[in-house]
Amino acid sequence: MPELEQLHAGHAPAVLAFELVNRAYFAASVSDRGDEFFDQFSDRHNDLLAEQEAGICAFYVLVADDGSVLGRFNLYDLEDGTAKLGYRVAQQVAGRGVATAAVRELCRIAATRHGLRTLRAATSHGNTASQKVLSKAGFVPAGPAAPADLGGKSGSWYQRDLQP
């Protein structure tokens with residue numbers, strides 16, 4: 001059974017493999033991370049861990065029984081009980097409810113472990129899969145998202161108020 005784990009240094013090889021294997025799949029619906037992301041992955045991973053340690057963000061990975069990463073689920077810009085949610089799941093598990101279940105679990109963790117009261121997530125108008133995940137996980141539309149929020153695409157913000 002896949003488990004949502006808070007990101008740590010030991011996850012780096014599995015996260016890099018996840019990003020590389022799914023690069024083309026992700027680029028079909030969100031902006032590609034670019035070659036620089038992969039060339040400087042170790043530095044970027046360490047930067048994320050430092051942000052997490054500082055309490056600015058909280059990063060989670062969905063880990064399969066074999067240790068591979070099936071998804072990334074991030075809480076960022078933690079401030080005043082609110083955070084933004086971002087996530088991506090591997091192509092091999094897309095459409096199976098994995099993202100919805102993990103987002104629901106992250107909402108529980110956000111409230112209980114991080115003391116958050118509200119989560120917001122932006123998705124492009126063309127990313128219907130993400131819209132469905134957010135709706136099934138209890139998020140409701142909360143207004144337009146600027147192209148700057150979505151890698152140049154237009155979209156909507158979704159919001160969910162959390163119960164501790």
# chains A, B, ... in the order shown; residues from 1 in each chain; ligands from 1

call {"tool": "select_by_dssp", "arguments": {"residues": "chain A", "states": "strand (DSSP E)", "output": "ChimeraX atom specification"}}
result
/A:3-6,58-63,69-79,82-89,118-124,140-145,155-161

call {"tool": "closest_residue", "arguments": {"among": "A:Ala111, A:Ala142, A:Ala90, A:Leu7", "to": "Asn74 (chain A)", "atoms": "only C-alpha atoms"}}
result
A:Leu7

call {"tool": "select_by_dssp", "arguments": {"residues": "region 36-105 of chain A", "states": "alpha helix (DSSP H)", "output": "PyMOL selection string"}}
result
chain A and resi 36-39+41-53+98-105

call {"tool": "residues_around", "arguments": {"residues": "Val98 (chain A)", "least_positions_apart": "6", "cutoff": "9 Å", "atoms": "only C-alpha atoms", "output": "JSON, numbers by chain"}}
result
{"A": [2, 70, 71, 89]}

call {"tool": "write_last_selection", "arguments": {"atoms": "C-alpha atoms", "output": "PDB file, in the first residue's frame"}}
result
ATOM      1  CA  PRO A   2       1.572   3.359  -0.987  1.00  0.00           C
ATOM      2  CA  LEU A  70       4.393   7.399  -7.219  1.00  0.00           C
ATOM      3  CA  GLY A  71       3.664  11.061  -6.538  1.00  0.00           C
ATOM      4  CA  VAL A  89       1.381  11.564  -9.809  1.00  0.00           C
TER       5      VAL A  89
END

call {"tool": "closest_residue", "arguments": {"among": "A:Arg44, A:Arg108, A:Thr123, A:Glu3", "to": "Ala64 (chain A)", "atoms": "only C-alpha atoms"}}
result
A:Glu3

call {"tool": "closest_residue", "arguments": {"among": "A:Tyr158, A:Phe37, A:Phe73, A:Tyr60", "to": "Lys132 (chain A)", "atoms": "only C-alpha atoms"}}
result
A:Tyr158

call {"tool": "residues_around", "arguments": {"residues": "Ala9 (chain A)", "least_positions_apart": "3", "cutoff": "10 Å", "atoms": "only C-alpha atoms", "output": "short mmCIF file (atom, residue, chain, number, x, y, z; two decimals) with C-alpha atoms, in the first residue's frame"}}
result
data_model
loop_
_atom_site.label_atom_id
_atom_site.label_comp_id
_atom_site.auth_asym_id
_atom_site.auth_seq_id
_atom_site.Cartn_x
_atom_site.Cartn_y
_atom_site.Cartn_z
CA ALA A 12 16.44 11.98 -3.65
CA PRO A 13 17.26 9.06 -6.00
CA SER A 42 20.80 17.45 -5.94
CA HIS A 45 16.50 18.76 -3.47
CA ASN A 46 18.73 20.16 -0.72
CA LEU A 48 13.68 22.02 -0.69
CA LEU A 49 14.81 20.28 2.48
#

call {"tool": "residues_around", "arguments": {"residues": "region 16-31 of chain A", "least_positions_apart": "4", "cutoff": "12 Å", "atoms": "only C-alpha atoms", "output": "PyMOL selection string"}}
result
chain A and resi 9-12+35+37-45+61-64+67-72+86-94+122-130+147-155

call {"tool": "atom_distance", "arguments": {"atom1": "CA of Asp47 (chain A)", "atom2": "CA of Arg120 (chain A)"}}
result
22.9 Å

call {"tool": "decode", "arguments": {"residues": "region 120-160 of chain A", "atoms": "C-alpha atoms", "output": "compact mmCIF listing (two decimals), in the first residue's frame"}}
result
# COMPACT_ATOMS: atom_id res chain seq x y z
CA ARG A 120 -5.52 26.60 -2.09
CA ALA A 121 -4.57 24.96 -5.39
CA ALA A 122 -4.46 26.36 -8.91
CA THR A 123 -5.11 24.31 -12.03
CA SER A 124 -5.32 25.22 -15.68
CA HIS A 125 -8.64 25.14 -17.50
CA GLY A 126 -7.31 22.31 -19.69
CA ASN A 127 -6.27 20.08 -16.79
CA THR A 128 -9.61 18.36 -16.17
CA ALA A 129 -7.96 15.49 -14.29
CA SER A 130 -6.61 17.88 -11.67
CA GLN A 131 -9.97 19.67 -11.44
CA LYS A 132 -11.64 16.31 -10.72
CA VAL A 133 -9.08 15.38 -8.08
CA LEU A 134 -9.53 18.69 -6.29
CA SER A 135 -13.33 18.49 -6.42
CA LYS A 136 -13.37 14.90 -5.13
CA ALA A 137 -11.00 15.94 -2.32
CA GLY A 138 -13.39 18.66 -1.14
CA PHE A 139 -11.98 21.74 -2.87
CA VAL A 140 -14.33 24.29 -4.40
CA PRO A 141 -13.65 26.88 -7.12
CA ALA A 142 -12.40 30.13 -5.61
CA GLY A 143 -11.75 32.43 -8.57
CA PRO A 144 -9.48 32.85 -11.55
CA ALA A 145 -5.78 31.98 -11.46
CA ALA A 146 -3.37 34.19 -13.37
CA PRO A 147 -1.15 32.71 -16.07
CA ALA A 148 1.81 33.54 -13.81
CA ASP A 149 0.42 31.02 -11.30
CA LEU A 150 0.17 28.28 -13.92
CA GLY A 151 3.21 28.48 -16.14
CA GLY A 152 1.55 30.77 -18.65
CA LYS A 153 -1.83 29.04 -18.77
CA SER A 154 -5.14 30.42 -17.55
CA GLY A 155 -7.06 28.56 -14.90
CA SER A 156 -8.81 28.63 -11.57
CA TRP A 157 -7.98 28.57 -7.90
CA TYR A 158 -9.65 25.95 -5.75
CA GLN A 159 -9.88 26.15 -1.97
CA ARG A 160 -10.63 23.82 0.90
